[in-house]
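**Q** Before anything else, here's the structure in question.
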Amino acid sequence: MVYDALLKNLQDKGKLSLSELKKVERVKKTAIAESFPQLLVKLGLCSELDVADAFVETGRFEKVIAGQYPLEPQLPESVSLRFLKQYHVIGLAQDEGNITVSMMDPEDHFVVDALKLATGKQVLTKVGLLSEIDNALEVQYGEGRSQMDKLVDGLSIDDLGEEDLEHLKDLASEAPVIKMVNLIMQRAIETKASDIHIEPFEQSLKVRLRIDGVLQEIDAPPVKSTAAVISRIKIMAKLNIAERRLPQDGRIKVQMLGKELDLRVSTIPTMYGESVVIRLLDKENTVLDFTALGFAGRHLDAFLDVLAMPHGIILITGPTGSGKSTTMYAALKQLNTSARKIITVEDPVEYQMEGINQIQAKPQIGLTFASALRSIVRQDPDVIMIGEMRDLETARIAVQSALTGHLVLSTLHTNDAAGGVTRLLDMGLEEYLLTSTVNGILAQRLVRKLCVACKEAHPASPELVDSLRLRRFAPTGDITLFKPIGCSACGGTGYRGRMAIIEFLPMTDPIRKLIMAHEEAGKIQKLAIEEGMQTLYENGLVKVVQGITTLEEVMRVTTEN
């Protein structure tokens with residue numbers, strides 16, 4: 001039975017526990033009209049997207065995305081709008097013998113039989129998200145407006161003066177504004193976005209989601225609601241809504257669509273109001289496994305060898321948003337045993353991990369990385385993780401900790417692994433301390449992975465194979481590359497999820513000699529390549545030849561070496 005496969009899929013993915021399943025079964029006995037999938041969403045145990053994806057993965061159904069719904073009704077008048085709304089079903093197309101519909105629960109046989117009776121045709125079913133079906137019904141049969149547009153009706157916002165704080169506080173607590181903010185957050189969770197950008201301009205308020213590292217614009221509240229929407233977010237994050245001239249940072253913990261999320265909120269003043277960025281930290285979607293992150297082959301072996309060393313420094317480098325923190329937490333998970341004491345100092349603490357002592361840096365009260373580190377070494381740790389080496393003082397204490405028998409992990413903002421060496425030297429760290437403590441430097445970037453459901457193969461031309469020297473990675477046979485097409489599973493982008501491309505520079509004796517001679521990063525990189533290091537660009541090409549990503553993605557995040 002499809003429901004059994006659906007529930008098993010949700011349980012295997014960790015979306016549904018045994019106790020939650022029993023709860024649904026108990027409620028189902030009293031809620032006769034509700035189907036299993038509807039109850040899962042209604043009780044907040046799973047998101048609409050989780051349920052739709054689980055139906056797709058049973059192999060019986062195709063998913064419909066928001067942009068694929070027709071603007072005009074596709075079903076005859078014999079099918080009432082009340083019926084469609086009650087059972088969350090919408091027509092997609094019809095011909096002489098069949099009608100195709102999208103349903104929240106495509107296994108609801110009562111609905112399928114009722115449609116057959118009303119139309120006299122065979123019914124072909126696809127699966128859709130409940131909210132998107134209801135939205136599309138409103139467009140087809142209503143006034144052609146989106147969910148966000150309908151919420152605007154409840155707003156009664158006049159032009160607010162700078163001092164109308166009490167009025168603003170009241171507006172931010174009204175149902176339409178609360179629903180607008182919740183709708184934005186719900187869209188972000190459903191699309192697995194990593195960030196929400198809310199940006200006020202003179203004539204509009206823009207809302208964009210960063211999905212797989214790329215910003216995509218979505219429906220936004222009207223510009224007249226800008227102050228109320230931003231105030232609502234600031235109230236949730238316990239920020240000062242009266243302070244609009246200075247940047248502020250806060251956190252929100254929410255439970256939505258069956259997920260518990262930790263949101264980091266940052267506000268900065270701009271010309272037309274405050275720009276807000278919300279970082280979504282979803283523990284369920286964070287995979288702390290090196291293979292899943294993109295580590296493989298000798299890269300993985302070399303990194304694990306360095307991680308197994310009892311003392312020294314391991315540096316992870318890359319720009320903001322390159323996955324450094326996730327790799328760091330994966331390394332901590334690997335090291336986290338009852339035999340080791342691990343202490344971290346971070347700003348901010350992104351993921352809380354059982355068995356690890358995590359310190360939140362607070363520079364405003366004097367708890368900086370450097371001051372926290374001085375106290376940490378007196379706590380008898382085996383492993384120390386420093387969120388970022390920002391200054392010479394922090395670097396010096398990290399080096400002293402490594403020299404006294406601790407394993408130290410930290411990050412740096414540099415473009416490649418060899419650049420990490422020169423950055424520390426530029427900070428003022430002595431070369432003899434650097435060469436005697438740093439065990440290895442990892443550089444990484446994130447590339448989008450091709451959607452496995454729709455990627456299309458095409459043979460690589462001989463010219464491309466020669467110009468990129470792809471034969472290094474596939475000595476025999478034809479080389480096949482893939483291109484993104486776009487389907488319902490990936491939201492029409494052709495990509496789904498991200499993985500790291502990496503280069504790892506182990507500290508060997510020849511490289512130590514170059515560092516002692518203060519050689520530039522280019523020479524260090526060249527020697528490392530001669531010793532067998534694969535650059536970010538080359539590691540990206542390997543994943544292109546394997547059909548995991550595209551050449552365009554690799555070119556987007558790297559420069560050819």
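To be explicit about the labels: the chains of the structure tokens are called A, B, and onward in the order shown, and within each one the residues are counted from 1, while ligands get numbers from 1 in the order they are shown.
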Hey, what's within 6 Å of stretch 460-471 of chain A if we count only C-alpha atoms and toss same-chain stuff fewer than 6 positions away? As a PyMOL selection string, please?
**A** chain A and resi 479-481
**Q** Which neighbours of stretch 44-60 of chain A fall inside 8 Å, counting only C-alpha atoms, when residues of the same chain fewer than 6 positions from it are skipped, and could you give them as a list in words?
**A** Val2, Ala5, Leu6, Asn9, Leu10, Lys15, Leu16, Glu20, Pro37, Met104, Val127, Gly128, Leu129, Leu130, Ser131, Glu190, Met256, Leu257, Gly258, Lys259 and Ala489 of chain A
**Q** Counting only C-alpha atoms, which residues of stretch 463-524 of chain A sit at most 9 Å from some atom of stretch 432-447 of chain A, and what is each one's closest atom pair with its distance in Å to one decimal, listed by chain and rising residue number, as a tab-separated table?
**A**
```
residue	atom	partner	partner_atom	distance
A:Gly497	CA	A:Val447	CA	8.7
A:Arg498	CA	A:Val447	CA	5.5
A:Met499	CA	A:Leu446	CA	5.5
A:Ala500	CA	A:Leu446	CA	4.5
A:Ile501	CA	A:Arg445	CA	5.5
A:Ile502	CA	A:Gln444	CA	4.3
A:Glu503	CA	A:Ala443	CA	5.3
A:Phe504	CA	A:Leu442	CA	4.5
A:Leu505	CA	A:Ile441	CA	5.1
A:Pro506	CA	A:Gly440	CA	4.2
A:Met507	CA	A:Asn439	CA	5.3
A:Thr508	CA	A:Asn439	CA	8.5
A:Asp509	CA	A:Thr435	CA	8.9
A:Ile511	CA	A:Thr435	CA	8.7
A:Arg512	CA	A:Thr435	CA	5.6
A:Lys513	CA	A:Thr435	CA	8.6
A:Ile515	CA	A:Thr435	CA	7.2
A:Met516	CA	A:Tyr432	CA	6.7
```
**Q** For A:Arg423, which of A:Ala521, A:Ala330, A:Ala175, A:Met385 is the closest residue, counting only C-alpha atoms?
**A**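 Among the listed residues, A:Ala521 lies closest to A:Arg423.
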**Q** Please measure the separation of atom CA of A:Pro73 and atom CA of A:Arg187, giving the value in Å to one decimal.
**A** 24.9 Å
**Q** Set the distance at 12 Å and use only C-alpha atoms: which residues neighbour stretch 133-138 of chain A once local chain neighbours fewer than 3 positions away are removed? I'd like the list as a PyMOL selection string.
**A** chain A and resi 48+52+63-75+80-92+101-105+126-130+141-150
**Q** Which residues come within 6 Å of stretch 233-239 of chain A, counting only C-alpha atoms, excluding same-chain residues fewer than 6 positions away, as a PyMOL selection string?
**A** chain A and resi 250-252
**Q** May I have the selected residues written with N, CA, C and O atoms, as a PDB file, in the first residue's frame?
**A**
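Output file out22.pdb is given in full below:
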```pdb
ATOM      1  N   GLY A 250      20.360  39.234  16.484  1.00  0.00           N
ATOM      2  CA  GLY A 250      19.552  38.477  17.442  1.00  0.00           C
ATOM      3  C   GLY A 250      19.287  37.071  16.948  1.00  0.00           C
ATOM      4  O   GLY A 250      19.762  36.676  15.886  1.00  0.00           O
ATOM      5  N   ARG A 251      18.507  36.323  17.717  1.00  0.00           N
ATOM      6  CA  ARG A 251      18.173  34.926  17.361  1.00  0.00           C
ATOM      7  C   ARG A 251      16.694  34.703  17.581  1.00  0.00           C
ATOM      8  O   ARG A 251      16.075  35.301  18.453  1.00  0.00           O
ATOM      9  N   ILE A 252      16.155  33.802  16.786  1.00  0.00           N
ATOM     10  CA  ILE A 252      14.756  33.384  16.942  1.00  0.00           C
ATOM     11  C   ILE A 252      14.730  31.868  16.936  1.00  0.00           C
ATOM     12  O   ILE A 252      15.378  31.247  16.086  1.00  0.00           O
TER      13      ILE A 252
END
```
**Q** Got a sec: who's within 10 Å of A:Lys333, counting only C-alpha atoms, leaving out chain neighbours fewer than 6 positions off, as a PyMOL selection string?
**A** chain A and resi 288-289+327+353-356
**Q** Give me the residues near stretch 276-283 of chain A as a list in words, where near means some atom within 8 Å (using only C-alpha atoms) and where sequence neighbours in that chain fewer than 5 positions away do not count.
**A**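 In the requested form, the answer reads Ala193, Ser194, Asp195, Ile196, His197, Ile198, Glu199, Ile230, Lys259, Glu260, Leu261, Asp262, Leu263, Arg264, Val265, Ser266, Thr267, Ile268, Glu350 and Tyr351 of chain A.
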**Q** Pick out the residues sitting within 12 Å of A:His458, and hand them over as a ChimeraX atom specification; count only C-alpha atoms, and ignore anything fewer than 4 positions along from it in its own chain.
**A** /A:478-484,545,547,550
**Q** In stretch 31-114 of chain A, what's strand (DSSP E) per DSSP? Answer as a PyMOL selection string?
**A** chain A and resi 89-94+98-103
**Q** Generate the output file for the selected residues, N, CA, C and O atoms, as a PDB file, in the first residue's frame.
**A**
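After the write, result.pdb holds the following:
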```
ATOM      1  N   VAL A  89      -7.605  19.758  -4.369  1.00  0.00           N
ATOM      2  CA  VAL A  89      -7.363  19.154  -5.680  1.00  0.00           C
ATOM      3  C   VAL A  89      -7.602  20.220  -6.748  1.00  0.00           C
ATOM      4  O   VAL A  89      -8.467  21.077  -6.590  1.00  0.00           O
ATOM      5  N   ILE A  90      -6.823  20.196  -7.826  1.00  0.00           N
ATOM      6  CA  ILE A  90      -6.944  21.209  -8.881  1.00  0.00           C
ATOM      7  C   ILE A  90      -6.689  20.572 -10.240  1.00  0.00           C
ATOM      8  O   ILE A  90      -5.845  19.676 -10.376  1.00  0.00           O
ATOM      9  N   GLY A  91      -7.415  21.020 -11.253  1.00  0.00           N
ATOM     10  CA  GLY A  91      -7.244  20.496 -12.602  1.00  0.00           C
ATOM     11  C   GLY A  91      -6.008  21.067 -13.284  1.00  0.00           C
ATOM     12  O   GLY A  91      -5.712  22.257 -13.152  1.00  0.00           O
ATOM     13  N   LEU A  92      -5.296  20.214 -14.009  1.00  0.00           N
ATOM     14  CA  LEU A  92      -4.100  20.635 -14.747  1.00  0.00           C
ATOM     15  C   LEU A  92      -4.340  20.644 -16.251  1.00  0.00           C
ATOM     16  O   LEU A  92      -3.882  21.534 -16.957  1.00  0.00           O
ATOM     17  N   ALA A  93      -5.066  19.633 -16.735  1.00  0.00           N
ATOM     18  CA  ALA A  93      -5.331  19.534 -18.178  1.00  0.00           C
ATOM     19  C   ALA A  93      -6.425  18.496 -18.407  1.00  0.00           C
ATOM     20  O   ALA A  93      -6.708  17.674 -17.533  1.00  0.00           O
ATOM     21  N   GLN A  94      -7.031  18.553 -19.607  1.00  0.00           N
ATOM     22  CA  GLN A  94      -7.998  17.504 -19.960  1.00  0.00           C
ATOM     23  C   GLN A  94      -8.016  17.306 -21.469  1.00  0.00           C
ATOM     24  O   GLN A  94      -7.697  18.207 -22.235  1.00  0.00           O
ATOM     25  N   ASN A  98      -9.360  11.794 -20.724  1.00  0.00           N
ATOM     26  CA  ASN A  98      -8.713  11.895 -19.408  1.00  0.00           C
ATOM     27  C   ASN A  98      -8.731  13.319 -18.860  1.00  0.00           C
ATOM     28  O   ASN A  98      -8.775  14.287 -19.620  1.00  0.00           O
ATOM     29  N   ILE A  99      -8.675  13.397 -17.538  1.00  0.00           N
ATOM     30  CA  ILE A  99      -8.368  14.682 -16.890  1.00  0.00           C
ATOM     31  C   ILE A  99      -7.150  14.441 -15.989  1.00  0.00           C
ATOM     32  O   ILE A  99      -7.010  13.375 -15.376  1.00  0.00           O
ATOM     33  N   THR A 100      -6.259  15.423 -15.951  1.00  0.00           N
ATOM     34  CA  THR A 100      -5.079  15.332 -15.087  1.00  0.00           C
ATOM     35  C   THR A 100      -5.247  16.332 -13.961  1.00  0.00           C
ATOM     36  O   THR A 100      -5.557  17.511 -14.206  1.00  0.00           O
ATOM     37  N   VAL A 101      -5.073  15.863 -12.729  1.00  0.00           N
ATOM     38  CA  VAL A 101      -5.251  16.751 -11.567  1.00  0.00           C
ATOM     39  C   VAL A 101      -4.030  16.664 -10.659  1.00  0.00           C
ATOM     40  O   VAL A 101      -3.282  15.679 -10.676  1.00  0.00           O
ATOM     41  N   SER A 102      -3.854  17.719  -9.883  1.00  0.00           N
ATOM     42  CA  SER A 102      -2.824  17.727  -8.841  1.00  0.00           C
ATOM     43  C   SER A 102      -3.540  17.672  -7.499  1.00  0.00           C
ATOM     44  O   SER A 102      -4.504  18.418  -7.280  1.00  0.00           O
ATOM     45  N   MET A 103      -3.073  16.767  -6.624  1.00  0.00           N
ATOM     46  CA  MET A 103      -3.738  16.572  -5.333  1.00  0.00           C
ATOM     47  C   MET A 103      -2.717  16.592  -4.206  1.00  0.00           C
ATOM     48  O   MET A 103      -1.564  16.203  -4.398  1.00  0.00           O
TER      49      MET A 103
END
```
